[in-house]
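Undergrad: The structure is given below, and queries will be raised subsequently.
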Amino acid sequence: MSSERIQTALAAALEGEVRVDPFTLHLYSSDASMYAIEPLAVAFPKHTRDVQRIVQVAGERGVPVLPRGAGTSLAGQTVGRAIVVDFSRHLNQVLSVDADAGTALVQPGVVQDQLNRHARKVGLTFGPDTSTSNRATIGGMIGNNSAGSHSVRYGSTIDHVRALDVVLADGRQAHLAPGGDDPLSAGVADILRRHEAALAGFPPFWRHSGGYRLDRAAGDLTKLVVGSEGTLAIVTEAEVGLVPRPTARAIAVGHFSSTPAAIAATTDALAFDAASVELIDSTILELSYQRLEYASLGTILQGTPAALLFVEFFGDSQAEVAGRVEELATTWAANKHGYHTLRAVTAEQQASVLKVRRASLGLLMAASVGTRRPLAFVEDTAVPPDVLVPYVEDFAAILNRYGMEAGFYGHCSVGCLHIRPFVDLRQAGEVTKLRAVAEEIAELAMRYGGVNSSEHGDGLVRSAFNRKQFGPELYEAMREVKRLFDPDNRLNPGKIVDAPELTEHLRDPALPPAPKIPTQLSFASTSGLHGAADRCMNIGVCRKDDSGVMCPSYMATREEEHSTRGRANALVKALSSPDPRAALGDDRLHEILDLCLECKACKSECPLGVDMASMKSEALSQRHELHGTPLRSRVFGAIRTLNRLGSTFAPLANASLRWRPIRAALDRWLGISRNRPLPRFERRNLQRWFRRRAAPASAERGEVVLLADSFTTYSEPGIGRAAVELLERAGFAVRLVGNGCCGRSSISKGLLRQAKAHAQGMVDTLWPYVERNLPIVGVEPSCLLTLRDEYASLLPDDSRVPRLAEAAKLVPEVLLSAMEDGALPLAADSPVSGRRIVLHGHCHEKAVVGTAATRSLLERIPGAEVVELDAGCCGMAGSFGFESEHYELSMKIGGLRLFPALTAEPPDTLVAATGVSCRQQIAHGAGRTASHPVQLVRSALLD
């Protein structure tokens, strides 16, 4: 049946939405596995009745149904030629938490961290804790029987599911719970009775998520549904058990000279009742050092370990867990395990180590070169921990024999290591090699008494091994269970039983060769624009919603296409078409790209460094070449000229731009929202003030060049004055350069030819100073950091650009060294001393250099309590928040975390924000005045 006919039937039946456009189908054709299958349609149910209707329509038309959460499955569970049902968009509520019973009632689209935020209020948490907890849904965890790093203490998801509300294959609703009397119970009991002798041979190793859990199904159908990957029933609500949240925790980080040496130290750790024992090897460590987001771990390690073992302890007090860390360190030393033990006792130390451990998969994926990727085809085996060392040695020997490299990480406490060999499936013979290695590793795991699937499920990659894993009779019993629940094979067919070969439906070999196209920005490091988009491997970090910045529009809309992953996949589709230049002009593609705020968070927070801001700029540029450049884009691209004119004609310009008829005309003809306050221009701008000021007679620190950006110069010259005064008091002679535009606004609107001209002019202007080794400093991150970031791709052949990028620094980076020398004494009785200061860093600052220097500068104010907000993107994003069609979304993004955080602060709290857009949004959305950090430090300067 055609997708259009399915859409018509579903649209008539559902309150929720259904989509069948080519881009949506492509976005849902893949998950975080190596597979891709285009679905028939994608449905977004609003309630259980919608789910029933989807199943009924599918049954009437003879097509399959496939439930999906975050789409982060590593084994291909959530791809198939079916109606894909996305639960994450609407069915994502925590319905209740019962502290006395220790349970929660949740919908399947609830994210694990979301549940834990509710449970934390009553001192509880969900025991299984995946490394993808900030985007993995409970429905997906139930489907896969997910475990996590603390499974040695808390077991797997199957151990925490109390009851399930499901929709069955015939569209009937059912409530499944222990001792339930659903008609299916009798059928299951009969299957178990007839295969009782074979059940005695069920794989004994407890930590597995393969097949149907016949060993636990007696009297409790939930145990069959958990881990069934949507093949038996579709979960619509779940009652799950919660466990007490640890009062205190501490981590011992053992340093080892080899991976086997680290694994060998696991036994000692388990003897001290460790809550987790986690391994990462040197491959992942080296990758973490290269990423700004994860580099903090490298600063606290000793030497260059070949492997780290993270041993976590839970207890009732910090003294208790710290004591156990010391005991383990002493035991390791006595037994000659490792050469150093790091004690991560404080929350800050633990954040550094845990962040890297949780990002291991993404960091490994970041090492991909083109289509040579670390693939998940042998990464979920597990064996008893006491045989893990020889097992890993034999595993490594198999990889060596086939000439494969791999990174090693995972859960030593339960014998589960995630080992991902690098493979390029587009190369001749690699698919055959992949199959051969997978077969050998499956047999190796069985020989050591282990399992082929320990926490990520079967999906397409492991289901074909289940007959061998469980034996013919148990496998046949599983097929009977499938037929009992789903006689017409409608629910996610081809998973767990009756599966295709693991080498069918592979994603990379199926992608057509991508024709190369000329681009304005250089994408040489990724072999072109297609390679830049295809770096995304769908691990879904961009779907997190409670921390960091990436991805602001997804956080507000919960739409897959508004995530970095969705946009990257949409670009892959366009760039894989026969005429990619024409495809880049497609209206649907630009509907998907439109809500990218170009915050750059994906460049640092995405472990693979998928740079969607640059790709959007290039795609806009290509579209302009085809369809012409909109007037509004030209206006915003000329922002420096407009700001200069506004300053020249201030205050008349300010008055006229606030006149209602003019605001209405701007809204109607240019799409500049009448609801958004426009900036005020200053007639006595920064350049005028600078020329007339009295410069210091001496400058013992030499010269520094201050970039007079378009915003600071004409709208907020007080910030520039503060920067100049601080720099001069620190002993610098300040040169003000303000005769050009950095090109930031042109880049954001896709005016890349214009941006190149601006960049070339700026390099020409600044090069004489760079040759003299003078720092080039600025106070507006979006402008100054353009020199440090985008110029390399705008002007890839200009040999001067790397040195300019190295010279470009934010003012706080320069001022800190002067403060170390005592050149900037601050007063203890200033208006800002002793105050609480909350800092909101600019997105580009966070992505390119981090906010450490800015925060350190504020912390030098005597008595100041500086708190950096983890409040995401403000939502303004330069011109984005001014645009009529984006205004409401801009405010919604600010309202997710930033506005509430600021309105919760007492009135006397000072607000610091480094970006002009951030300060505008804070004033408009939170009613607070935000100062630039240099203004606050200037207020504290001892005169």
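The way I read the labels, and the way they are meant: chains A, B, ... in the order of the structure tokens, residue 1 as the first residue of every chain, and ligand 1 as the first ligand shown, with later ones counted on from there.
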Env of Asn145 (chain A): 8 Å cut, atoms = only C-alpha atoms, seq-sep filter 3 positions within chain, self excluded. Answer as a PyMOL selection string.

TA: chain A and resi 141-142+156-158+209+226-227+455-457

Undergrad: Go through region 217-291 of chain A residue by residue and, counting only C-alpha atoms, keep those with an atom at most 12 Å from region 298-307 of chain A; for each kept residue give the shortest atom pair and its distance in Å to one decimal, ordered by chain and increasing number, as CSV.

TA:
```
residue,atom,partner,partner_atom,distance
A:Ala252,CA,A:Leu301,CA,11.9
A:Val253,CA,A:Leu301,CA,9.0
A:Gly254,CA,A:Ala307,CA,8.3
A:His255,CA,A:Pro305,CA,5.5
A:Phe256,CA,A:Ala307,CA,5.3
A:Ser257,CA,A:Ala306,CA,4.9
A:Ser258,CA,A:Ala306,CA,5.1
A:Thr259,CA,A:Ala307,CA,5.4
A:Pro260,CA,A:Ala307,CA,8.8
A:Ala261,CA,A:Ala307,CA,8.3
A:Ala262,CA,A:Ala307,CA,6.4
A:Ile263,CA,A:Ala307,CA,9.2
A:Ala264,CA,A:Ala307,CA,11.7
A:Ala265,CA,A:Ala307,CA,11.5
A:Glu278,CA,A:Ala307,CA,10.5
A:Leu279,CA,A:Ala307,CA,7.1
A:Ile280,CA,A:Ala307,CA,5.8
A:Asp281,CA,A:Ala307,CA,4.2
A:Ser282,CA,A:Ala306,CA,4.6
A:Thr283,CA,A:Ala306,CA,8.2
A:Ile284,CA,A:Ala307,CA,9.1
A:Leu285,CA,A:Ala307,CA,8.0
A:Glu286,CA,A:Gly298,CA,8.9
A:Leu287,CA,A:Gly298,CA,10.5
A:Ser288,CA,A:Gly298,CA,7.9
A:Tyr289,CA,A:Gly298,CA,6.0
A:Gln290,CA,A:Gly298,CA,9.7
A:Arg291,CA,A:Gly298,CA,10.5
```

Undergrad: Do a neighbour search on Leu942 (chain A) at 9 Å with only C-alpha atoms, toss out local chain neighbours closer than 3 positions, and write the hits as an MDAnalysis selection string.

TA: chainID A and resid 824:828 830 938:939

Undergrad: Just write the chosen residues, N, CA and C atoms, as a PDB file, in the first residue's frame.

TA:
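Written out: result00.pdb:
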```
ATOM      1  N   LEU A 824      45.336  45.284  38.445  1.00  0.00           N
ATOM      2  CA  LEU A 824      43.943  45.752  38.467  1.00  0.00           C
ATOM      3  C   LEU A 824      43.362  45.515  39.852  1.00  0.00           C
ATOM      4  N   PRO A 825      43.715  46.333  40.829  1.00  0.00           N
ATOM      5  CA  PRO A 825      43.175  46.155  42.181  1.00  0.00           C
ATOM      6  C   PRO A 825      41.683  46.497  42.220  1.00  0.00           C
ATOM      7  N   LEU A 826      40.907  45.610  42.846  1.00  0.00           N
ATOM      8  CA  LEU A 826      39.457  45.810  42.950  1.00  0.00           C
ATOM      9  C   LEU A 826      39.079  46.136  44.387  1.00  0.00           C
ATOM     10  N   ALA A 827      38.093  47.003  44.537  1.00  0.00           N
ATOM     11  CA  ALA A 827      37.710  47.517  45.860  1.00  0.00           C
ATOM     12  C   ALA A 827      36.735  46.578  46.547  1.00  0.00           C
ATOM     13  N   ALA A 828      36.929  46.365  47.824  1.00  0.00           N
ATOM     14  CA  ALA A 828      36.045  45.500  48.597  1.00  0.00           C
ATOM     15  C   ALA A 828      34.719  46.170  48.903  1.00  0.00           C
ATOM     16  N   SER A 830      33.033  48.262  46.692  1.00  0.00           N
ATOM     17  CA  SER A 830      32.411  48.763  45.465  1.00  0.00           C
ATOM     18  C   SER A 830      30.943  48.341  45.409  1.00  0.00           C
ATOM     19  N   ARG A 938      34.703  46.697  35.963  1.00  0.00           N
ATOM     20  CA  ARG A 938      35.058  48.124  35.957  1.00  0.00           C
ATOM     21  C   ARG A 938      34.433  48.844  37.142  1.00  0.00           C
ATOM     22  N   SER A 939      33.222  48.440  37.526  1.00  0.00           N
ATOM     23  CA  SER A 939      32.562  49.068  38.680  1.00  0.00           C
ATOM     24  C   SER A 939      33.289  48.769  39.980  1.00  0.00           C
TER      25      SER A 939
END
```

Undergrad: In Å, with one decimal, what is the gap from CA of Ala186 (chain A) to CA of Gly219 (chain A)?

TA: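 So the answer is 9.3 Å.
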
Undergrad: At a cut-off of 7 Å, using only C-alpha atoms, what residues contact Arg213 (chain A)? Leave out same-chain residues fewer than 3 positions from it and give the result as an MDAnalysis selection string.

TA: chainID A and resid 216:217 223:224

Undergrad: Keeping N, CA and C atoms for every residue in the selection just given, could you write it to a file as a short mmCIF file (atom, residue, chain, number, x, y, z; two decimals), in the first residue's frame?

TA:
```cif
data_model
loop_
_atom_site.label_atom_id
_atom_site.label_comp_id
_atom_site.auth_asym_id
_atom_site.auth_seq_id
_atom_site.Cartn_x
_atom_site.Cartn_y
_atom_site.Cartn_z
N ARG A 216 11.55 -16.01 32.76
CA ARG A 216 10.91 -15.20 33.80
C ARG A 216 9.44 -14.93 33.52
N ALA A 217 8.89 -15.61 32.53
CA ALA A 217 7.55 -15.27 32.05
C ALA A 217 6.42 -15.92 32.84
N LYS A 223 7.16 -9.58 31.86
CA LYS A 223 8.53 -10.04 31.65
C LYS A 223 8.78 -10.47 30.21
N LEU A 224 7.71 -10.80 29.49
CA LEU A 224 7.84 -11.09 28.07
C LEU A 224 7.89 -9.81 27.25
#
```

Undergrad: Using backbone DSSP assignments, extract all strand (DSSP E or B) residues from region 232-464 of chain A; output them as an MDAnalysis selection string.

TA: chainID A and resid 234:241 243:244 248:256 276:281 307:315 340:344 369 372:374 382 406:411 416:424 451
